[in-house]
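Let me begin by presenting the structure, written as structure tokens, before commenting on it.
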Amino acid sequence: MGADHMEQMQRVILLMESSRGAGRALLRGVANYARHHGAWSFDWEPGGLSEVWPRLNKQSVQGIVLRDGKNIHRVLALGIPAVVVGHRNEDYPGTANVFTDSFEAGRLAAEHLSGCGFEHFAFYGPSDISWSEKRRQSFEAYYARIARPVHCFAAPAGLGRTAQGTHRKALRKWLEGLPKPVGIMACNDDYAQHLVAGCKAEGLHIPDQVGIIGVDNDELVCELSSPPISSVAVNFERAGFEAARLLERWIRLGTIPLPARINAPATHVVARLSTDILAVKDPRLRKALRFIREHARENIRVAAVARAGGISRRALENYFRSELGRSILQEIRRIRVDLIARMLLETDLPVSHIASALGYDNLQHIARYFRQEKNLSLVAFRKRYGSKEA
């Protein structure tokens with residue numbers, strides 16, 4: 001390696017833990033950007049700012065990405081460009097901030113639980129953390145439109161993956177007192193684990209009595225749970241890529257690029273066994289909903305759904321609108337579009353292959369169908385929410 005290249009090398013410190021899926025995805029995004037665009041030398045320290053503070057100065061470090069804004073004023077005083085991935089708060093003046101689209105996460109979770117047929121709903125998470133509160137507000141707003149109350153339980157912040165002592169007992173009492181069956185949104189996957197443990201302790205069956213959905217889609221947390229936990233996927237890898245892009249511009253230009261906010265988008269629900277239920281009481285409506293889910297890869301017709309339910313189309317339409325707050329066609333589109341979105345984000349399949357796999361006659365049809373639901377074209381959706389630069 002030549003001397004000129006060494007002089008151009010930028011040293012960037014990453015104060016990010018990798019024990020959670022979000023942290024690992026953010027780090028992958030940063031590494032992906034650097035691999036293609038930057039001559040960066042990384043100093044990765046999961047232990048946080050205190051571990052690197054003695055050797056931190058503007059001459060030896062050109063940029064920093066850190067998990068939380070605690071003591072961020074010390075970094076800013078040194079004049080080092082900093083990107084903060086807010087853990088408790090989401091806005092630290094003088095830095096670039098990574099935040100999660102918590103309102104969309106709440107809406108997606110509510111939409112999913114509603115689609116499972118639950119009539120009772122609840123939210124579990126800290127009330128003193130901004131992103132948790134935004135998710136609760138969005139979740140409640142969804143059900144306010146159909147006059148459904150949401151039962152809320154405010155948890156202490158910083159519990160990690162295991163609820164402790166007095167709180168564990170209070171959580172069990174709350175769960176026992178909820179009307180059943182109930183769909184509960186946890187503010188993230190760690191808190192969803194608390195719910196699973198509390199339900200087991202109370203002898204409550206998941207998902208028959210309690211359906212649970214988290215946020216972040218940390219695959220290890222969700223898959224190792226028993227039963228596995230449904231979760232709203234958040235594209236932290238794309239956020240890491242965009243954070244690195246912004247940091248590189250800041251280092252190069254000497255001033256913070258505006259707007260200095262990077263969105264980690266909530267994109268879709270990854271359904272697992274914790275919500276694998278159709279909790280509606282009427283067996284005909286349940287059969288119709290099951291038919292839509294089982295045939296989501298086919299070009300379903302409303303008439304076929306009515307036949308599966310064993311009821312007239314008009315009567316089933318009334319059931320859908322009164323119980324779910326949407327028409328049969330809207331439910332078909334919701335399920336189909338969610339499947340399209342997952343294939344766009346989780347595979348590299350060309351759009352033409354996705355259209356063929358889902359029974360669309362042509363690209364124009366799937367493009368029009370998708371845009372009506374998402375207000376984005378297929379290509380624009382993949383570009384905005386995909387993990388890699390398009």
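All residue names refer to the structure tokens as shown: chains lettered A, B, ... in order, residues numbered from 1 in each chain, ligands numbered from 1 in order.
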
### Message
For the structure I just gave you, how does DSSP split range 105-328 of chain A - specifically, which residues are helix (DSSP H, G or I)? Reply as a VMD selection string.
### Response
chain A and resid 105 to 115 130 to 144 165 to 177 189 to 202 219 to 224 236 to 253 273 to 275 283 to 294 302 to 309 313 to 323 328

Range 176-207 of chain A near range 232-240 of chain A within 10 Å: what's each residue's closest atom pair and its distance in Å to one decimal, counting only C-alpha atoms, ordered by chain then ascending residue number, as a Markdown table?
```
| residue | atom | partner | partner_atom | distance |
| --- | --- | --- | --- | --- |
| A:Met185 | CA | A:Val232 | CA | 9.9 |
| A:Asn188 | CA | A:Val232 | CA | 8.7 |
| A:Asp189 | CA | A:Val232 | CA | 9.1 |
```

Requested write-out: N, CA and C atoms of the selected residues, as a PDB file, in the first residue's frame:
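Output contents, as saved in out-v6.pdb:
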```
ATOM      1  N   MET A 185     -48.819  -5.585  21.248  1.00  0.00           N
ATOM      2  CA  MET A 185     -47.583  -5.100  20.650  1.00  0.00           C
ATOM      3  C   MET A 185     -46.598  -4.781  21.750  1.00  0.00           C
ATOM      4  N   ASN A 188     -40.351  -3.590  21.521  1.00  0.00           N
ATOM      5  CA  ASN A 188     -39.304  -4.235  20.721  1.00  0.00           C
ATOM      6  C   ASN A 188     -39.265  -5.717  21.065  1.00  0.00           C
ATOM      7  N   ASP A 189     -38.346  -6.440  20.466  1.00  0.00           N
ATOM      8  CA  ASP A 189     -38.312  -7.889  20.634  1.00  0.00           C
ATOM      9  C   ASP A 189     -37.914  -8.315  22.044  1.00  0.00           C
TER      10      ASP A 189
END
```

### Message
Under the rule that only C-alpha atoms are counted, which of A:Leu378, A:Val351, A:Leu159, A:Leu329 is the nearest residue to Ala303 in chain A?
### Response
A:Leu329

Which residues of range 222-333 of chain A sit at most 12 Å from range 36-52 of chain A, using only C-alpha atoms? Give each one's shortest atom pair and distance in Å (one decimal place), in chain and ascending residue order, as JSON lines.
```
{"residue": "A:Phe241", "atom": "CA", "partner": "A:His37", "partner_atom": "CA", "distance": 10.5}
{"residue": "A:Glu242", "atom": "CA", "partner": "A:His37", "partner_atom": "CA", "distance": 11.8}
{"residue": "A:Ala244", "atom": "CA", "partner": "A:Gly38", "partner_atom": "CA", "distance": 9.1}
{"residue": "A:Arg245", "atom": "CA", "partner": "A:His37", "partner_atom": "CA", "distance": 8.4}
{"residue": "A:Leu246", "atom": "CA", "partner": "A:Gly38", "partner_atom": "CA", "distance": 11.7}
{"residue": "A:Leu247", "atom": "CA", "partner": "A:Gly38", "partner_atom": "CA", "distance": 10.5}
{"residue": "A:Glu248", "atom": "CA", "partner": "A:Gly38", "partner_atom": "CA", "distance": 7.5}
{"residue": "A:Arg249", "atom": "CA", "partner": "A:Gly38", "partner_atom": "CA", "distance": 10.5}
{"residue": "A:Ile251", "atom": "CA", "partner": "A:Gly38", "partner_atom": "CA", "distance": 11.2}
{"residue": "A:Arg252", "atom": "CA", "partner": "A:Gly38", "partner_atom": "CA", "distance": 10.9}
```

If you run DSSP on the backbone, which residues of range 141-283 of chain A are strand (DSSP E or B), as an mmCIF file with C-alpha atoms, in the first residue's frame?
```cif
data_model
loop_
_atom_site.group_PDB
_atom_site.id
_atom_site.type_symbol
_atom_site.label_atom_id
_atom_site.label_comp_id
_atom_site.auth_asym_id
_atom_site.auth_seq_id
_atom_site.Cartn_x
_atom_site.Cartn_y
_atom_site.Cartn_z
ATOM 1 C CA VAL A 150 -55.829 -0.257 23.808
ATOM 2 C CA HIS A 151 -54.770 -1.545 27.232
ATOM 3 C CA CYS A 152 -51.297 -0.190 28.062
ATOM 4 C CA PHE A 153 -48.687 -1.291 30.585
ATOM 5 C CA ALA A 154 -45.725 1.034 31.166
ATOM 6 C CA ALA A 155 -42.555 -0.951 31.748
ATOM 7 C CA VAL A 182 -55.814 -10.235 23.013
ATOM 8 C CA GLY A 183 -53.177 -9.049 20.552
ATOM 9 C CA ILE A 184 -50.263 -7.268 22.234
ATOM 10 C CA MET A 185 -47.583 -5.100 20.650
ATOM 11 C CA ALA A 186 -44.304 -4.991 22.558
ATOM 12 C CA VAL A 210 -52.417 -13.895 23.732
ATOM 13 C CA GLY A 211 -50.896 -12.921 20.387
ATOM 14 C CA ILE A 212 -47.531 -11.132 20.593
ATOM 15 C CA ILE A 213 -45.652 -8.991 18.094
ATOM 16 C CA GLY A 214 -42.363 -7.149 18.677
ATOM 17 C CA VAL A 215 -40.252 -4.717 16.666
ATOM 18 C CA ASP A 216 -36.733 -5.010 15.134
ATOM 19 C CA SER A 230 -43.642 -12.210 15.111
ATOM 20 C CA SER A 231 -41.925 -8.877 14.604
ATOM 21 C CA VAL A 232 -41.916 -5.680 12.557
ATOM 22 C CA ALA A 233 -38.766 -5.651 10.416
ATOM 23 C CA VAL A 234 -36.653 -2.485 10.562
ATOM 24 C CA ARG A 261 -31.272 12.655 10.263
ATOM 25 C CA ILE A 262 -31.112 9.101 8.967
ATOM 26 C CA ASN A 263 -34.257 6.992 8.939
ATOM 27 C CA ALA A 264 -34.203 3.284 9.775
ATOM 28 C CA ALA A 266 -39.994 -0.108 9.355
ATOM 29 C CA THR A 267 -40.839 -2.081 6.236
ATOM 30 C CA HIS A 268 -43.025 -5.135 6.891
ATOM 31 C CA VAL A 269 -44.101 -7.768 9.409
ATOM 32 C CA VAL A 270 -42.313 -11.108 9.683
#
```

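Residue neighbourhood of Gly106 in chain A, excluding near-sequence residues (fewer than 4 positions): Ser102, Ala110, Lys134, Arg135, Arg136, Gln137, Ser138 and Phe139 of chain A, at 8 Å, using only C-alpha atoms.
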
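Within the 9 Å cut-off around Ser114 in chain A, using only C-alpha atoms and omitting residues fewer than 3 positions from it on the same chain, the listed residues are A:Ala109, A:Ala110, A:Glu111, A:Gly117, A:Phe118, A:Glu119, A:Phe121, A:Tyr143, A:Gly183, A:Leu324, A:Gly325.
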
Can those selected residues be exported to a file as a PDB file, in the first residue's frame so that it contains N, CA and C atoms?
```pdb
ATOM      1  N   ALA A 109     -47.713  -3.072  13.104  1.00  0.00           N
ATOM      2  CA  ALA A 109     -48.058  -4.045  14.141  1.00  0.00           C
ATOM      3  C   ALA A 109     -49.567  -4.089  14.357  1.00  0.00           C
ATOM      4  N   ALA A 110     -50.196  -2.907  14.413  1.00  0.00           N
ATOM      5  CA  ALA A 110     -51.643  -2.848  14.614  1.00  0.00           C
ATOM      6  C   ALA A 110     -52.385  -3.493  13.446  1.00  0.00           C
ATOM      7  N   GLU A 111     -51.943  -3.203  12.251  1.00  0.00           N
ATOM      8  CA  GLU A 111     -52.567  -3.776  11.060  1.00  0.00           C
ATOM      9  C   GLU A 111     -52.463  -5.293  11.067  1.00  0.00           C
ATOM     10  N   GLY A 117     -57.533 -11.051  13.470  1.00  0.00           N
ATOM     11  CA  GLY A 117     -58.893 -11.174  13.973  1.00  0.00           C
ATOM     12  C   GLY A 117     -59.077 -10.852  15.445  1.00  0.00           C
ATOM     13  N   PHE A 118     -58.046 -10.352  16.119  1.00  0.00           N
ATOM     14  CA  PHE A 118     -58.209 -10.003  17.529  1.00  0.00           C
ATOM     15  C   PHE A 118     -59.205  -8.857  17.681  1.00  0.00           C
ATOM     16  N   GLU A 119     -59.962  -8.900  18.771  1.00  0.00           N
ATOM     17  CA  GLU A 119     -60.897  -7.832  19.094  1.00  0.00           C
ATOM     18  C   GLU A 119     -60.405  -6.979  20.256  1.00  0.00           C
ATOM     19  N   PHE A 121     -56.862  -5.376  22.297  1.00  0.00           N
ATOM     20  CA  PHE A 121     -55.496  -5.005  21.948  1.00  0.00           C
ATOM     21  C   PHE A 121     -54.799  -4.358  23.142  1.00  0.00           C
ATOM     22  N   TYR A 143     -56.270   2.010  16.177  1.00  0.00           N
ATOM     23  CA  TYR A 143     -57.511   1.449  16.702  1.00  0.00           C
ATOM     24  C   TYR A 143     -58.526   2.515  17.080  1.00  0.00           C
ATOM     25  N   GLY A 183     -54.405  -9.239  21.324  1.00  0.00           N
ATOM     26  CA  GLY A 183     -53.177  -9.049  20.552  1.00  0.00           C
ATOM     27  C   GLY A 183     -52.356  -7.944  21.189  1.00  0.00           C
ATOM     28  N   LEU A 324     -63.367  -6.289  10.788  1.00  0.00           N
ATOM     29  CA  LEU A 324     -61.981  -5.927  10.483  1.00  0.00           C
ATOM     30  C   LEU A 324     -61.822  -4.476  10.035  1.00  0.00           C
ATOM     31  N   GLY A 325     -62.923  -3.830   9.708  1.00  0.00           N
ATOM     32  CA  GLY A 325     -62.848  -2.435   9.297  1.00  0.00           C
ATOM     33  C   GLY A 325     -62.353  -2.239   7.875  1.00  0.00           C
TER      34      GLY A 325
END
```

### Query
What's the 12 Å shell around range 312-314 of chain A, counting only C-alpha atoms, without same-chain residues fewer than 4 positions away, as a PyMOL selection string?
chain A and resi 284-285+288+301-308+318-321+327-329

Output N, CA and C atoms of each residue in that selection to a file, as a PDB file, in the first residue's frame.
```pdb
ATOM      1  N   ARG A 284     -67.168 -18.794   9.644  1.00  0.00           N
ATOM      2  CA  ARG A 284     -67.178 -18.495   8.204  1.00  0.00           C
ATOM      3  C   ARG A 284     -66.160 -17.410   7.872  1.00  0.00           C
ATOM      4  N   LEU A 285     -66.074 -16.395   8.737  1.00  0.00           N
ATOM      5  CA  LEU A 285     -65.079 -15.349   8.547  1.00  0.00           C
ATOM      6  C   LEU A 285     -63.674 -15.922   8.725  1.00  0.00           C
ATOM      7  N   ALA A 288     -62.681 -17.772   5.619  1.00  0.00           N
ATOM      8  CA  ALA A 288     -62.369 -16.839   4.533  1.00  0.00           C
ATOM      9  C   ALA A 288     -60.983 -16.243   4.706  1.00  0.00           C
ATOM     10  N   ARG A 301     -59.733 -14.155  -6.178  1.00  0.00           N
ATOM     11  CA  ARG A 301     -60.935 -13.391  -6.471  1.00  0.00           C
ATOM     12  C   ARG A 301     -61.828 -13.342  -5.239  1.00  0.00           C
ATOM     13  N   VAL A 302     -62.580 -12.260  -5.088  1.00  0.00           N
ATOM     14  CA  VAL A 302     -63.476 -12.105  -3.946  1.00  0.00           C
ATOM     15  C   VAL A 302     -64.505 -13.231  -3.908  1.00  0.00           C
ATOM     16  N   ALA A 303     -64.994 -13.613  -5.072  1.00  0.00           N
ATOM     17  CA  ALA A 303     -65.995 -14.681  -5.133  1.00  0.00           C
ATOM     18  C   ALA A 303     -65.449 -15.990  -4.576  1.00  0.00           C
ATOM     19  N   ALA A 304     -64.171 -16.270  -4.841  1.00  0.00           N
ATOM     20  CA  ALA A 304     -63.554 -17.493  -4.328  1.00  0.00           C
ATOM     21  C   ALA A 304     -63.445 -17.456  -2.810  1.00  0.00           C
ATOM     22  N   VAL A 305     -63.173 -16.291  -2.255  1.00  0.00           N
ATOM     23  CA  VAL A 305     -63.100 -16.138  -0.801  1.00  0.00           C
ATOM     24  C   VAL A 305     -64.470 -16.405  -0.183  1.00  0.00           C
ATOM     25  N   ALA A 306     -65.514 -15.877  -0.801  1.00  0.00           N
ATOM     26  CA  ALA A 306     -66.875 -16.096  -0.290  1.00  0.00           C
ATOM     27  C   ALA A 306     -67.235 -17.581  -0.341  1.00  0.00           C
ATOM     28  N   ARG A 307     -66.873 -18.260  -1.416  1.00  0.00           N
ATOM     29  CA  ARG A 307     -67.151 -19.706  -1.493  1.00  0.00           C
ATOM     30  C   ARG A 307     -66.418 -20.460  -0.396  1.00  0.00           C
ATOM     31  N   ALA A 308     -65.165 -20.067  -0.131  1.00  0.00           N
ATOM     32  CA  ALA A 308     -64.392 -20.732   0.928  1.00  0.00           C
ATOM     33  C   ALA A 308     -65.042 -20.529   2.288  1.00  0.00           C
ATOM     34  N   ASN A 318     -70.087  -7.710   4.583  1.00  0.00           N
ATOM     35  CA  ASN A 318     -70.539  -7.030   5.799  1.00  0.00           C
ATOM     36  C   ASN A 318     -69.743  -7.479   7.012  1.00  0.00           C
ATOM     37  N   TYR A 319     -69.429  -8.778   7.100  1.00  0.00           N
ATOM     38  CA  TYR A 319     -68.618  -9.293   8.196  1.00  0.00           C
ATOM     39  C   TYR A 319     -67.227  -8.660   8.194  1.00  0.00           C
ATOM     40  N   PHE A 320     -66.620  -8.588   7.028  1.00  0.00           N
ATOM     41  CA  PHE A 320     -65.280  -8.011   6.922  1.00  0.00           C
ATOM     42  C   PHE A 320     -65.271  -6.562   7.393  1.00  0.00           C
ATOM     43  N   ARG A 321     -66.251  -5.800   6.937  1.00  0.00           N
ATOM     44  CA  ARG A 321     -66.282  -4.376   7.280  1.00  0.00           C
ATOM     45  C   ARG A 321     -66.589  -4.156   8.759  1.00  0.00           C
ATOM     46  N   SER A 327     -62.736  -3.999   3.498  1.00  0.00           N
ATOM     47  CA  SER A 327     -63.443  -4.900   2.588  1.00  0.00           C
ATOM     48  C   SER A 327     -62.640  -6.168   2.340  1.00  0.00           C
ATOM     49  N   ILE A 328     -63.282  -7.133   1.689  1.00  0.00           N
ATOM     50  CA  ILE A 328     -62.590  -8.376   1.325  1.00  0.00           C
ATOM     51  C   ILE A 328     -61.423  -8.060   0.395  1.00  0.00           C
ATOM     52  N   LEU A 329     -61.680  -7.217  -0.617  1.00  0.00           N
ATOM     53  CA  LEU A 329     -60.622  -6.877  -1.570  1.00  0.00           C
ATOM     54  C   LEU A 329     -59.468  -6.161  -0.893  1.00  0.00           C
TER      55      LEU A 329
END
```

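For the choices A:Glu346, A:Asp276, A:Asp190, A:Asp91, the atom-to-atom distance to Ala260 in chain A is smallest for A:Asp91 when using only C-alpha atoms.
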
### Message
Set the distance at 12 Å and use only C-alpha atoms: which residues neighbour range 193-201 of chain A once local chain neighbours fewer than 6 positions away are removed? I'd like the list as a VMD selection string.
### Response
chain A and resid 122 to 125 153 155 to 156 159 to 165 167 to 178 182 to 187 207 to 215 218 220 to 231 273 to 275

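Considering the residues A:Ala31, A:Leu15, A:Val337, A:Ile129 and counting only C-alpha atoms, Asn375 in chain A has its shortest atom-to-atom contact with A:Val337.
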
### Within 10 Å of Ala367 in chain A using only C-alpha atoms, minus same-chain residues under 6 positions, as a VMD selection string
chain A and resid 351 355 360 376 to 379

Just-selected residues, C-alpha atoms written as a PDB file, in the first residue's frame:
```pdb
ATOM      1  CA  VAL A 351     -39.488  -7.730 -10.408  1.00  0.00           C
ATOM      2  CA  ALA A 355     -44.737 -10.944 -10.713  1.00  0.00           C
ATOM      3  CA  TYR A 360     -49.624 -11.501 -12.175  1.00  0.00           C
ATOM      4  CA  LEU A 376     -44.341   3.907  -4.303  1.00  0.00           C
ATOM      5  CA  SER A 377     -43.306   2.005  -7.386  1.00  0.00           C
ATOM      6  CA  LEU A 378     -41.746  -1.432  -6.967  1.00  0.00           C
ATOM      7  CA  VAL A 379     -38.300  -0.125  -7.912  1.00  0.00           C
TER       8      VAL A 379
END
```

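For the atom pair formed by CA of Ala341 in chain A and CA of Ala25 in chain A, the distance is 19.2 Å, given to one decimal.
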